[in-house]
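Source file: final.txt. Holds: compact mmCIF, C-alpha atoms.
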# COMPACT_ATOMS: atom_id res chain seq x y z
CA MET A 1 -167.22 75.67 66.14
CA GLU A 2 -170.56 76.37 64.56
CA VAL A 3 -169.17 75.34 61.17
CA GLU A 4 -168.08 71.97 62.56
CA MET A 5 -171.51 71.36 64.12
CA VAL A 6 -173.24 72.19 60.84
CA ALA A 7 -170.94 69.79 58.99
CA SER A 8 -171.62 67.02 61.51
CA LEU A 9 -175.35 67.50 61.25
CA ALA A 10 -175.16 67.43 57.47
CA GLY A 11 -173.17 64.18 57.62
CA LEU A 12 -175.69 62.55 59.95
CA ALA A 13 -178.50 63.67 57.69
CA GLY A 14 -176.75 62.16 54.65
CA LEU A 15 -176.20 58.88 56.50
CA ALA A 16 -179.84 58.72 57.49
CA ILE A 17 -180.92 59.39 53.91
CA GLY A 18 -178.57 56.64 52.62
CA LEU A 19 -179.86 54.11 55.13
CA THR A 20 -183.44 54.99 54.27
CA THR A 21 -182.76 54.62 50.52
CA GLY A 22 -181.06 51.23 50.98
CA LEU A 23 -183.93 49.97 53.09
CA ALA A 24 -186.40 51.12 50.45
CA VAL A 25 -184.48 49.31 47.71
CA ARG A 26 -184.42 46.03 49.69
CA VAL A 27 -188.15 46.29 50.40
CA SER A 28 -188.76 46.89 46.69
CA GLU A 29 -186.70 43.82 45.72
CA ARG A 30 -188.64 41.65 48.17
CA VAL A 31 -191.92 42.92 46.75
CA GLN A 32 -190.74 42.12 43.21
CA ARG A 33 -189.71 38.60 44.18
CA ALA A 34 -193.07 38.06 45.82
CA ALA A 35 -194.77 39.20 42.63
CA VAL A 36 -193.09 36.37 40.60
CA PRO A 37 -194.09 33.03 42.21
CA ALA A 38 -191.10 30.68 42.49
CA ALA A 39 -191.43 26.98 41.99
CA PRO A 40 -191.43 25.33 45.40
CA VAL A 41 -188.42 23.20 46.21
CA GLY A 42 -189.11 19.56 45.36
CA SER A 43 -191.67 20.27 42.60
CA LEU A 44 -191.56 20.88 38.85
CA PRO A 45 -191.74 24.41 37.37
CA PRO A 46 -195.11 25.23 35.80
CA GLY A 47 -195.62 23.68 32.38
CA VAL A 48 -192.65 21.29 32.55
CA ALA A 49 -194.79 18.23 33.21
CA SER A 50 -196.86 18.93 30.10
CA VAL A 51 -193.73 19.22 27.96
CA LEU A 52 -192.23 16.00 29.34
CA SER A 53 -195.42 14.08 28.60
CA VAL A 54 -195.06 14.61 24.84
CA LEU A 55 -191.34 13.85 24.52
CA ARG A 56 -190.42 10.70 22.58
CA SER A 57 -187.29 10.08 24.64
CA SER A 58 -187.31 8.59 28.13
CA ALA A 59 -187.40 11.58 30.50
CA VAL A 60 -186.32 11.92 34.13
CA VAL A 61 -186.27 15.03 36.37
CA VAL A 62 -183.91 14.91 39.36
CA ASP A 63 -183.88 17.42 42.23
CA GLY A 64 -180.92 18.84 44.15
CA GLU A 65 -180.75 15.78 46.41
CA ASP A 66 -180.67 13.27 43.52
CA ARG A 67 -184.30 12.30 44.07
CA VAL A 68 -186.41 11.56 41.03
CA LEU A 69 -189.33 13.98 40.87
CA ARG A 70 -190.74 12.65 37.62
CA ALA A 71 -189.88 9.72 35.34
CA SER A 72 -191.57 8.42 32.21
CA SER A 73 -192.82 4.84 32.15
CA ALA A 74 -190.18 3.98 29.55
CA ALA A 75 -187.38 5.17 31.86
CA ARG A 76 -188.63 2.82 34.55
CA ALA A 77 -189.21 -0.06 32.14
CA TYR A 78 -185.67 0.26 30.76
CA GLY A 79 -184.17 0.15 34.26
CA LEU A 80 -182.93 3.76 34.43
CA VAL A 81 -185.07 4.54 37.49
CA SER A 82 -186.11 2.50 40.51
CA GLY A 83 -188.37 4.09 43.08
CA ASP A 84 -187.24 7.71 43.45
CA ARG A 85 -183.61 7.11 42.44
CA LEU A 86 -181.52 6.98 39.28
CA VAL A 87 -179.91 3.55 39.38
CA VAL A 88 -177.45 3.95 36.50
CA ASP A 89 -174.19 5.27 37.93
CA GLU A 90 -173.04 6.93 34.69
CA VAL A 91 -176.28 8.92 34.39
CA LEU A 92 -176.24 9.91 38.07
CA ALA A 93 -172.65 11.16 37.76
CA MET A 94 -173.60 13.22 34.69
CA ALA A 95 -176.56 14.74 36.57
CA ARG A 96 -174.33 15.82 39.47
CA LEU A 97 -171.77 17.44 37.15
CA VAL A 98 -174.50 19.34 35.29
CA ARG A 99 -175.98 20.56 38.58
CA ARG A 100 -172.56 21.76 39.69
CA ASP A 101 -171.43 23.73 36.63
CA GLY A 102 -174.64 24.14 34.56
CA GLU A 103 -173.05 22.69 31.41
CA ILE A 104 -175.15 20.43 29.17
CA ARG A 105 -173.61 16.96 28.77
CA GLU A 106 -174.17 14.15 26.28
CA SER A 107 -172.95 10.56 26.25
CA GLU A 108 -173.76 7.10 24.93
CA ILE A 109 -174.08 4.44 27.61
CA GLN A 110 -175.03 0.80 27.93
CA VAL A 111 -177.37 -0.37 30.68
CA ALA A 112 -176.77 -3.95 31.75
CA PRO A 113 -179.91 -6.09 32.14
CA SER A 114 -181.03 -7.35 35.50
CA GLY A 115 -180.59 -11.07 35.99
CA PRO A 116 -177.94 -13.57 34.95
CA ARG A 117 -177.45 -12.27 31.39
CA GLY A 118 -174.23 -10.46 30.56
CA ARG A 119 -173.72 -6.80 29.75
CA ALA A 120 -173.66 -7.64 26.05
CA ASP A 121 -177.42 -8.24 26.31
CA GLY A 122 -178.09 -4.76 27.73
CA ARG A 123 -179.64 -1.74 26.06
CA TRP A 124 -177.82 1.25 24.55
CA PHE A 125 -178.94 4.85 25.14
CA ALA A 126 -177.95 8.29 23.89
CA VAL A 127 -178.19 10.35 27.11
CA ARG A 128 -178.49 14.14 27.25
CA VAL A 129 -178.46 15.89 30.65
CA ALA A 130 -179.27 19.61 31.12
CA PRO A 131 -180.11 21.98 34.00
CA LEU A 132 -183.79 22.72 34.49
CA GLY A 133 -184.50 26.07 36.11
CA SER A 134 -182.52 27.58 39.00
CA HIS A 135 -183.45 25.29 41.89
CA GLY A 136 -180.95 22.48 41.27
CA LEU A 137 -183.31 20.49 39.04
CA VAL A 138 -181.72 18.42 36.27
CA LEU A 139 -183.43 16.97 33.19
CA VAL A 140 -182.23 13.61 31.82
CA LEU A 141 -183.31 12.52 28.32
CA ALA A 142 -182.42 9.00 27.11
CA GLU A 143 -183.05 7.77 23.57
CA ASP A 144 -183.00 4.02 23.02
CA LEU A 145 -180.34 3.07 20.45
CA THR A 146 -180.48 -0.69 21.02
CA ASP A 147 -182.11 -1.58 17.71
CA MET A 148 -179.65 0.60 15.82
CA HIS A 149 -176.70 -1.09 17.54
CA ARG A 150 -178.10 -4.54 16.85
CA THR A 151 -178.73 -3.71 13.20
CA GLU A 152 -175.18 -2.47 12.84
CA ALA A 153 -173.82 -5.59 14.53
CA ILE A 154 -175.90 -7.80 12.23
CA ARG A 155 -174.63 -5.88 9.21
CA ARG A 156 -171.00 -6.30 10.28
CA ASP A 157 -171.47 -10.01 11.00
CA PHE A 158 -173.29 -10.51 7.71
CA VAL A 159 -170.55 -8.85 5.66
CA ALA A 160 -167.86 -10.82 7.51
CA ASN A 161 -169.71 -14.12 7.07
CA VAL A 162 -170.45 -13.55 3.39
CA SER A 163 -166.83 -12.66 2.78
CA HIS A 164 -165.70 -15.82 4.54
CA GLU A 165 -168.19 -18.06 2.75
CA LEU A 166 -167.29 -16.62 -0.65
CA LYS A 167 -163.58 -16.83 0.06
CA THR A 168 -163.65 -20.61 0.59
CA PRO A 169 -165.03 -21.77 -2.81
CA VAL A 170 -163.29 -18.97 -4.73
CA GLY A 171 -159.95 -19.90 -3.17
CA ALA A 172 -160.56 -23.58 -3.84
CA LEU A 173 -161.38 -22.89 -7.50
CA ALA A 174 -158.19 -20.86 -7.95
CA LEU A 175 -156.07 -23.59 -6.37
CA LEU A 176 -157.73 -26.36 -8.38
CA ALA A 177 -157.25 -24.40 -11.61
CA GLU A 178 -153.51 -24.15 -10.92
CA THR A 179 -153.39 -27.87 -10.09
CA VAL A 180 -155.18 -28.81 -13.31
CA GLU A 181 -152.75 -26.70 -15.29
CA GLY A 182 -149.82 -28.46 -13.68
CA ALA A 183 -151.34 -31.92 -14.28
CA ALA A 184 -152.17 -31.40 -17.95
CA ASP A 185 -150.32 -34.61 -18.87
CA ASP A 186 -152.29 -36.73 -16.38
CA PRO A 187 -155.88 -37.28 -17.68
CA ASP A 188 -157.02 -39.01 -14.48
CA ALA A 189 -155.84 -36.14 -12.30
CA VAL A 190 -157.46 -33.62 -14.62
CA ARG A 191 -160.79 -35.44 -14.40
CA ARG A 192 -160.54 -35.69 -10.61
CA PHE A 193 -159.71 -32.02 -10.14
CA ALA A 194 -162.30 -30.95 -12.71
CA GLY A 195 -164.96 -32.80 -10.70
CA ARG A 196 -163.81 -30.99 -7.58
CA MET A 197 -164.00 -27.67 -9.43
CA GLN A 198 -167.56 -28.46 -10.47
CA TYR A 199 -168.47 -29.17 -6.83
CA GLU A 200 -167.01 -25.85 -5.66
CA SER A 201 -168.74 -23.94 -8.46
CA VAL A 202 -172.10 -25.48 -7.47
CA ARG A 203 -171.42 -24.51 -3.86
CA LEU A 204 -170.65 -20.94 -4.95
CA THR A 205 -173.79 -20.81 -7.11
CA ASN A 206 -175.94 -22.04 -4.21
CA LEU A 207 -174.51 -19.39 -1.90
CA VAL A 208 -175.20 -16.59 -4.38
CA GLN A 209 -178.73 -17.92 -4.99
CA ASP A 210 -179.43 -18.12 -1.25
CA LEU A 211 -178.17 -14.55 -0.78
CA MET A 212 -180.48 -13.33 -3.54
CA THR A 213 -183.45 -15.19 -2.05
CA LEU A 214 -182.75 -13.90 1.45
CA SER A 215 -182.43 -10.35 0.16
CA ARG A 216 -185.82 -10.70 -1.50
CA VAL A 217 -187.72 -12.02 1.52
CA GLN A 218 -186.17 -10.17 4.46
CA GLY A 219 -187.29 -6.66 3.44
CA ASP A 220 -190.53 -4.92 4.35
CA GLU A 221 -191.90 -4.90 0.81
CA PRO A 222 -194.87 -7.24 0.21
CA LEU A 223 -194.45 -10.15 -2.20
CA PRO A 224 -195.92 -9.37 -5.62
CA GLU A 225 -198.40 -11.52 -7.54
CA LEU A 226 -199.37 -14.08 -4.91
CA ALA A 227 -201.59 -16.82 -6.26
CA PRO A 228 -203.45 -19.92 -5.01
CA VAL A 229 -200.90 -22.68 -4.42
CA ASP A 230 -201.61 -26.38 -3.86
CA MET A 231 -199.47 -27.65 -0.96
CA ASP A 232 -199.39 -31.13 -2.52
CA GLU A 233 -197.51 -29.69 -5.50
CA VAL A 234 -195.12 -27.76 -3.26
CA MET A 235 -194.37 -30.88 -1.23
CA ALA A 236 -193.85 -33.08 -4.31
CA GLU A 237 -191.48 -30.61 -5.99
CA ALA A 238 -189.43 -30.02 -2.83
CA LEU A 239 -188.98 -33.76 -2.30
CA GLU A 240 -188.01 -34.30 -5.92
CA ARG A 241 -185.22 -31.72 -5.63
CA CYS A 242 -183.77 -33.56 -2.63
CA ARG A 243 -183.95 -37.18 -3.87
CA ILE A 244 -180.43 -37.39 -5.29
CA LYS A 245 -178.89 -36.14 -2.06
CA ALA A 246 -181.06 -38.48 0.01
CA SER A 247 -180.30 -41.47 -2.22
CA ALA A 248 -176.57 -40.94 -1.69
CA LYS A 249 -177.11 -41.67 2.03
CA ASP A 250 -179.85 -44.28 1.49
CA ILE A 251 -182.35 -42.02 3.28
CA GLU A 252 -186.02 -42.64 2.49
CA LEU A 253 -188.14 -39.59 1.68
CA ALA A 254 -191.81 -40.10 2.50
CA SER A 255 -194.85 -37.82 2.33
CA GLY A 256 -198.39 -37.90 3.69
CA GLY A 257 -201.14 -35.95 5.41
CA GLU A 258 -204.26 -34.20 4.15
CA ASP A 259 -204.67 -33.63 0.42
CA GLY A 260 -205.97 -30.56 -1.38
CA LEU A 261 -204.87 -27.89 1.12
CA ARG A 262 -204.22 -24.52 -0.56
CA VAL A 263 -202.57 -21.25 0.43
CA ARG A 264 -202.07 -17.89 -1.27
CA ALA A 265 -198.36 -17.67 -1.86
CA ASP A 266 -195.34 -17.44 -4.11
CA GLN A 267 -194.95 -21.10 -5.08
CA GLU A 268 -191.23 -20.95 -5.86
CA LEU A 269 -190.45 -19.40 -2.47
CA LEU A 270 -192.49 -22.04 -0.64
CA VAL A 271 -190.72 -24.81 -2.58
CA THR A 272 -187.37 -23.25 -1.69
CA ALA A 273 -188.26 -23.04 2.00
CA LEU A 274 -189.51 -26.63 2.17
CA ARG A 275 -186.52 -27.90 0.15
CA ASN A 276 -184.19 -26.20 2.64
CA LEU A 277 -185.88 -28.02 5.52
CA VAL A 278 -185.67 -31.39 3.75
CA ASP A 279 -182.04 -30.75 2.74
CA ASN A 280 -181.26 -29.88 6.34
CA ALA A 281 -182.95 -33.06 7.58
CA VAL A 282 -181.01 -35.21 5.12
CA ALA A 283 -177.69 -33.52 5.90
CA TYR A 284 -177.97 -34.10 9.66
CA SER A 285 -179.47 -37.60 9.56
CA PRO A 286 -177.43 -40.81 9.61
CA GLU A 287 -177.55 -43.23 6.70
CA HIS A 288 -180.45 -45.69 6.26
CA THR A 289 -182.96 -43.47 8.10
CA ARG A 290 -186.21 -41.77 7.10
CA VAL A 291 -187.38 -38.18 6.51
CA VAL A 292 -191.14 -37.58 6.46
CA VAL A 293 -192.96 -34.52 5.12
CA SER A 294 -196.64 -34.16 5.98
CA THR A 295 -199.41 -31.56 5.79
CA ARG A 296 -202.45 -31.08 8.00
CA LYS A 297 -204.94 -28.48 9.14
CA SER A 298 -203.87 -27.15 12.52
CA ASP A 299 -207.27 -25.44 12.82
CA HIS A 300 -209.95 -24.06 10.50
CA TRP A 301 -207.69 -21.23 9.31
CA HIS A 302 -204.15 -22.62 9.10
CA VAL A 303 -202.16 -25.42 7.50
CA GLU A 304 -199.04 -26.98 8.98
CA VAL A 305 -196.22 -28.56 6.99
CA ASN A 306 -194.05 -30.83 9.15
CA VAL A 307 -190.59 -32.14 8.26
CA THR A 308 -189.51 -34.91 10.64
CA ASP A 309 -186.15 -36.66 10.68
CA GLN A 310 -184.32 -39.26 12.76
CA GLY A 311 -181.14 -37.23 12.95
CA ILE A 312 -178.75 -36.08 15.65
CA GLY A 313 -181.14 -33.51 17.11
CA ILE A 314 -180.44 -29.98 18.33
CA PRO A 315 -179.23 -29.01 21.84
CA ASP A 316 -181.77 -26.97 23.81
CA ALA A 317 -179.32 -24.08 24.18
CA GLU A 318 -178.99 -23.77 20.39
CA ILE A 319 -182.64 -23.92 19.30
CA GLU A 320 -183.23 -20.16 19.64
CA ARG A 321 -180.29 -19.37 17.35
CA ILE A 322 -180.59 -21.88 14.52
CA PHE A 323 -182.64 -19.48 12.36
CA GLU A 324 -179.88 -16.84 12.41
CA ARG A 325 -177.99 -16.26 9.18
CA PHE A 326 -174.77 -18.29 8.93
CA TYR A 327 -175.23 -19.71 12.42
CA ARG A 328 -173.93 -23.26 12.70
CA ILE A 329 -174.10 -25.55 15.71
CA ASP A 330 -171.08 -27.52 14.50
CA PRO A 331 -169.03 -25.58 11.91
CA ALA A 332 -166.83 -28.59 11.10
CA ARG A 333 -169.85 -30.77 10.33
CA SER A 334 -171.45 -27.97 8.30
CA ARG A 335 -168.39 -27.80 6.06
CA GLN A 336 -168.77 -31.51 5.41
CA THR A 337 -172.45 -31.18 4.50
CA GLY A 338 -171.74 -28.26 2.14
CA GLY A 339 -174.50 -25.99 3.41
CA THR A 340 -174.42 -22.21 3.06
CA GLY A 341 -175.72 -21.46 6.56
CA LEU A 342 -178.64 -19.47 5.13
CA GLY A 343 -181.25 -22.19 4.65
CA LEU A 344 -183.11 -21.87 7.96
CA ALA A 345 -182.95 -18.05 7.84
CA ILE A 346 -184.66 -18.22 4.43
CA VAL A 347 -187.32 -20.56 5.84
CA LYS A 348 -188.05 -18.13 8.67
CA HIS A 349 -188.39 -15.11 6.37
CA VAL A 350 -190.44 -16.94 3.74
CA ALA A 351 -192.92 -18.10 6.39
CA GLY A 352 -193.14 -14.57 7.81
CA LYS A 353 -193.68 -13.06 4.35
CA HIS A 354 -196.72 -15.30 3.90
CA GLY A 355 -198.26 -14.42 7.25
CA GLY A 356 -197.03 -17.57 8.98
CA ASP A 357 -194.18 -18.77 11.17
CA VAL A 358 -191.80 -21.67 11.67
CA THR A 359 -191.15 -23.62 14.87
CA VAL A 360 -188.99 -26.58 15.82
CA TRP A 361 -189.13 -29.47 18.26
CA SER A 362 -185.94 -31.39 18.80
CA LYS A 363 -184.22 -33.75 21.19
CA GLU A 364 -180.61 -34.78 20.96
CA GLY A 365 -180.29 -38.31 19.63
CA HIS A 366 -183.98 -38.53 18.73
CA GLY A 367 -184.33 -36.24 15.71
CA SER A 368 -186.16 -33.01 14.97
CA THR A 369 -189.47 -31.78 13.59
CA PHE A 370 -189.67 -28.41 11.82
CA THR A 371 -193.15 -26.97 11.31
CA ILE A 372 -194.16 -24.23 8.87
CA ARG A 373 -197.59 -22.76 9.69
CA LEU A 374 -199.41 -20.77 6.99
CA PRO A 375 -202.91 -19.26 6.54
CA LEU A 376 -205.23 -21.43 4.48
CA LEU A 377 -206.74 -20.03 1.31
CA ASP A 378 -210.10 -21.81 1.62
CA THR A 379 -211.27 -21.03 5.16
CA PRO A 380 -214.64 -20.57 6.86
CA ARG A 381 -215.46 -17.25 8.41
CA ARG A 382 -214.17 -16.83 11.94
CA PRO A 383 -216.74 -17.10 14.77
CA SER A 384 -216.39 -13.41 15.61
CA ALA A 385 -217.40 -12.47 12.07
CA GLU A 386 -220.34 -14.87 12.16
CA THR A 387 -221.43 -13.49 15.51
CA ASN A 388 -221.31 -9.93 14.22
CA ALA A 389 -223.21 -10.88 11.09
CA SER A 390 -226.01 -12.53 13.06
CA SER A 391 -226.19 -9.99 15.88
CA PRO A 392 -229.62 -8.35 16.46
CA GLU A 393 -228.23 -4.93 15.55
CA ASN A 394 -226.90 -6.18 12.21
CA THR A 395 -230.17 -7.99 11.56
CA ARG A 396 -232.09 -4.78 12.19
CA ARG A 397 -229.64 -2.85 9.97
CA GLU A 398 -230.09 -5.32 7.11
CA ALA A 399 -233.86 -5.23 7.50
CA THR A 400 -233.93 -1.43 7.38
CA PRO A 401 -234.73 -0.24 3.85
Kindly transcribe the structure held in the file into structure tokens.
Amino acid sequence: MEVEMVASLAGLAGLAIGLTTGLAVRVSERVQRAAVPAAPVGSLPPGVASVLSVLRSSAVVVDGEDRVLRASSAARAYGLVSGDRLVVDEVLAMARLVRRDGEIRESEIQVAPSGPRGRADGRWFAVRVAPLGSHGLVLVLAEDLTDMHRTEAIRRDFVANVSHELKTPVGALALLAETVEGAADDPDAVRRFAGRMQYESVRLTNLVQDLMTLSRVQGDEPLPELAPVDMDEVMAEALERCRIKASAKDIELASGGEDGLRVRADQELLVTALRNLVDNAVAYSPEHTRVVVSTRKSDHWHVEVNVTDQGIGIPDAEIERIFERFYRIDPARSRQTGGTGLGLAIVKHVAGKHGGDVTVWSKEGHGSTFTIRLPLLDTPRRPSAETNASSPENTRREATP
């Protein structure tokens, strides 16, 4: 009996010791947790905001209830965030999956623009979503890929268009060569087909020349060896190169404006740009009309060259696209005129290379006016420079020995 009592007492003592030890361990754990401050729910962990501020990508932090705790200005500007919510369904779905299983996810998405424009006009993003800490926070990083996608699309279109444009004259030359060979006994047919071959070869030569010119002016490299150029000479040479084509349609080429205006430029490129505008005016004007080229000072620092025709005009919806490479308002009519589709693109890049721009006014049935605006070579100092030069502080500085 005494042995049983001793055993019972020993068991109770062991139980008490175990309970005491467990309680001590729990108290210790609580003390340790209190020693490491936890980030309050609904706020960013320490230091995260500083890291996000230096990231190049658009950054968004979302809490456990899908509320946006922090978003960069770019994320809001691009339409990823509105108020305190992610508004792109694909990104929100990725954030919820990452919060659930803790796995980092990446995807490429397109964000449609707000307004009437289609999804094709939206922006592309490379999105990376990762967990942030242990409180259900999720970090969303979005890198804008729109320019890369557009560049790739332009490259694909350019290669396709060049291939198509080269295929037409090359195919025609091959077919005409076979026809000439088969008509060797017919001198009249040989002459007729030989003339057609010459036309196609000129068309092919013009296309190659336009491609070379466009390649030269569309890059970021500055033009070498710019020199003073008299706009009167540029205008006269451009008109001379277009007279045969204009005479074939009985179109009068006229010039006027201010004399003696000069720019610093590559003269051959300016002549090419102006010739393209005059050629374009002649091609899309009816017979027995007039094309006028004129120069004038638009202000003290710029010269404008205007090419005005009495042609068919350009629809308002097409004006923004006419300077794109190979873009044609009416492809059937363009084939008849024999253009390469690169002329206006060359004009745009040549003007930009010389620090200027090109604009167009047009009305259907009433003609068009294309305007190249370039910096003048002989210009007075701008008012701001004159003001600085005559300011009291500059006067005192110049008077100081």
What does the distance between CA of Leu137 in chain A and CA of Phe125 in chain A come to in Å, to one decimal place? 21.4 Å
Write out as CSV a residue-level contact list of range 234-308 of chain A versus range 363-375 of chain A with cut-off 6 Å: for each qualifying residue the closest pair of atoms and the distance in Å to one decimal, counting all atoms listed in the file, rows sorted by chain and residue number upward.
residue,atom,partner,partner_atom,distance
A:Trp301,CA,A:Pro375,CA,5.9
A:His302,CA,A:Pro375,CA,4.4
A:Val303,CA,A:Leu374,CA,5.4
A:Glu304,CA,A:Arg373,CA,4.5
A:Val305,CA,A:Ile372,CA,5.2
A:Asn306,CA,A:Thr371,CA,4.5
A:Val307,CA,A:Phe370,CA,5.2
A:Thr308,CA,A:Thr369,CA,4.3
Can you spit out the residues from that selection as a compact mmCIF listing (two decimals), in the frame of the given file, using C-alpha atoms?
# COMPACT_ATOMS: atom_id res chain seq x y z
CA TRP A 301 -207.69 -21.23 9.31
CA HIS A 302 -204.15 -22.62 9.10
CA VAL A 303 -202.16 -25.42 7.50
CA GLU A 304 -199.04 -26.98 8.98
CA VAL A 305 -196.22 -28.56 6.99
CA ASN A 306 -194.05 -30.83 9.15
CA VAL A 307 -190.59 -32.14 8.26
CA THR A 308 -189.51 -34.91 10.64
Nearest to Glu178 in chain A among A:Phe193, A:Ser163, A:His288, A:Val271, with distances taken over all atoms listed in the file: which residue is it? A:Phe193
For Glu258 in chain A, which residue out of A:Thr295, A:Glu240, A:Leu376, A:Pro222 is the nearest one, using all atoms listed in the file?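 The closest residue to Glu258 in chain A is A:Thr295.
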Considering all atoms listed in the file, can you say which of A:Arg96, A:Arg123, A:His300, A:Lys348 comes closest to Ile322 in chain A?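 The closest residue to Ile322 in chain A is A:Lys348.
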With all atoms listed in the file as the counted atoms, please give the residues lying no more than 9 Å from Val278 in chain A, apart from itself and same-chain residues fewer than 3 positions off, as a ChimeraX atom specification. /A:238-239,242,253,273-275,281-283,291-293,307-309
Taking (-179.1, -39.3, 10.7) in the coordinates of the supplied file, I want to know which residues reach to within 6 Å of it, counting only C-alpha atoms; could you give the answer as a PyMOL selection string? chain A and resi 284-287+310-312
Compile the contact shell of range 150-159 of chain A as a list in words: residues with an atom at most 10 Å away, counting all atoms listed in the file, same-chain residues fewer than 6 positions apart removed. Arg123, Trp124, Glu165, Glu324, Arg325 and Phe326 of chain A
CA of Ile104 in chain A to CA of Val129 in chain A: how many Å, to one decimal?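 So the answer is 5.8 Å.
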Determine, counting only C-alpha atoms, which protein, DNA and RNA residues have an atom within 8 Å of an atom of Arg128 in chain A; residues of the same chain fewer than 2 positions away are not included. Present the result as a PyMOL selection string. chain A and resi 104-107+126+130+140-142
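The space between CA of Gly122 in chain A and CA of His164 in chain A spans 28.5 Å.
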Kindly provide, as JSON, the centre and edge lengths (Å, one decimal) of an axis-aligned box around all atoms of range 275-288 of chain A given in the file, with 3 Å on each side.
{"center_x": -182.0, "center_y": -35.9, "center_z": 4.9, "size_x": 15.1, "size_y": 25.5, "size_z": 15.5}
Leaving out Tyr199 in chain A and any residue of its chain fewer than 3 positions from it, which residues lie within 12 Å of it when counting only C-alpha atoms, given as a PyMOL selection string? chain A and resi 169-170+172-173+176+192-196+202-206+338
Using only C-alpha atoms, please write the residues we just selected to a file, as a PDB file, in the frame of the given file.
ATOM      1  CA  PRO A 169    -165.030 -21.770  -2.810  1.00  0.00           C
ATOM      2  CA  VAL A 170    -163.290 -18.970  -4.730  1.00  0.00           C
ATOM      3  CA  ALA A 172    -160.560 -23.580  -3.840  1.00  0.00           C
ATOM      4  CA  LEU A 173    -161.380 -22.890  -7.500  1.00  0.00           C
ATOM      5  CA  LEU A 176    -157.730 -26.360  -8.380  1.00  0.00           C
ATOM      6  CA  ARG A 192    -160.540 -35.690 -10.610  1.00  0.00           C
ATOM      7  CA  PHE A 193    -159.710 -32.020 -10.140  1.00  0.00           C
ATOM      8  CA  ALA A 194    -162.300 -30.950 -12.710  1.00  0.00           C
ATOM      9  CA  GLY A 195    -164.960 -32.800 -10.700  1.00  0.00           C
ATOM     10  CA  ARG A 196    -163.810 -30.990  -7.580  1.00  0.00           C
ATOM     11  CA  VAL A 202    -172.100 -25.480  -7.470  1.00  0.00           C
ATOM     12  CA  ARG A 203    -171.420 -24.510  -3.860  1.00  0.00           C
ATOM     13  CA  LEU A 204    -170.650 -20.940  -4.950  1.00  0.00           C
ATOM     14  CA  THR A 205    -173.790 -20.810  -7.110  1.00  0.00           C
ATOM     15  CA  ASN A 206    -175.940 -22.040  -4.210  1.00  0.00           C
ATOM     16  CA  GLY A 338    -171.740 -28.260   2.140  1.00  0.00           C
TER      17      GLY A 338
END
Tell me which of A:Lys353, A:Lys297, A:Arg85, A:Lys249 sits closest to Arg262 in chain A, counting all atoms listed in the file.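 Of all the options, A:Lys297 lies closest to Arg262 in chain A.
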Taking all atoms listed in the file into account, name the residue in A:Met231, A:Val217, A:Ala77, A:Ile251 that is nearest to Gly352 in chain A. A:Val217
Out of A:Leu377, A:Ala184, A:Ala59, A:Ala160, which residue has the shortest atom-to-atom distance to Glu143 in chain A when counting all atoms listed in the file?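 The answer is A:Ala59, which sits nearest to Glu143 in chain A.
The residue set within 7 Å of range 73-75 of chain A, counting all atoms listed in the file and dropping same-chain residues fewer than 5 places from it, reads Ser58, Ala59, Leu80 and Val81 of chain A.
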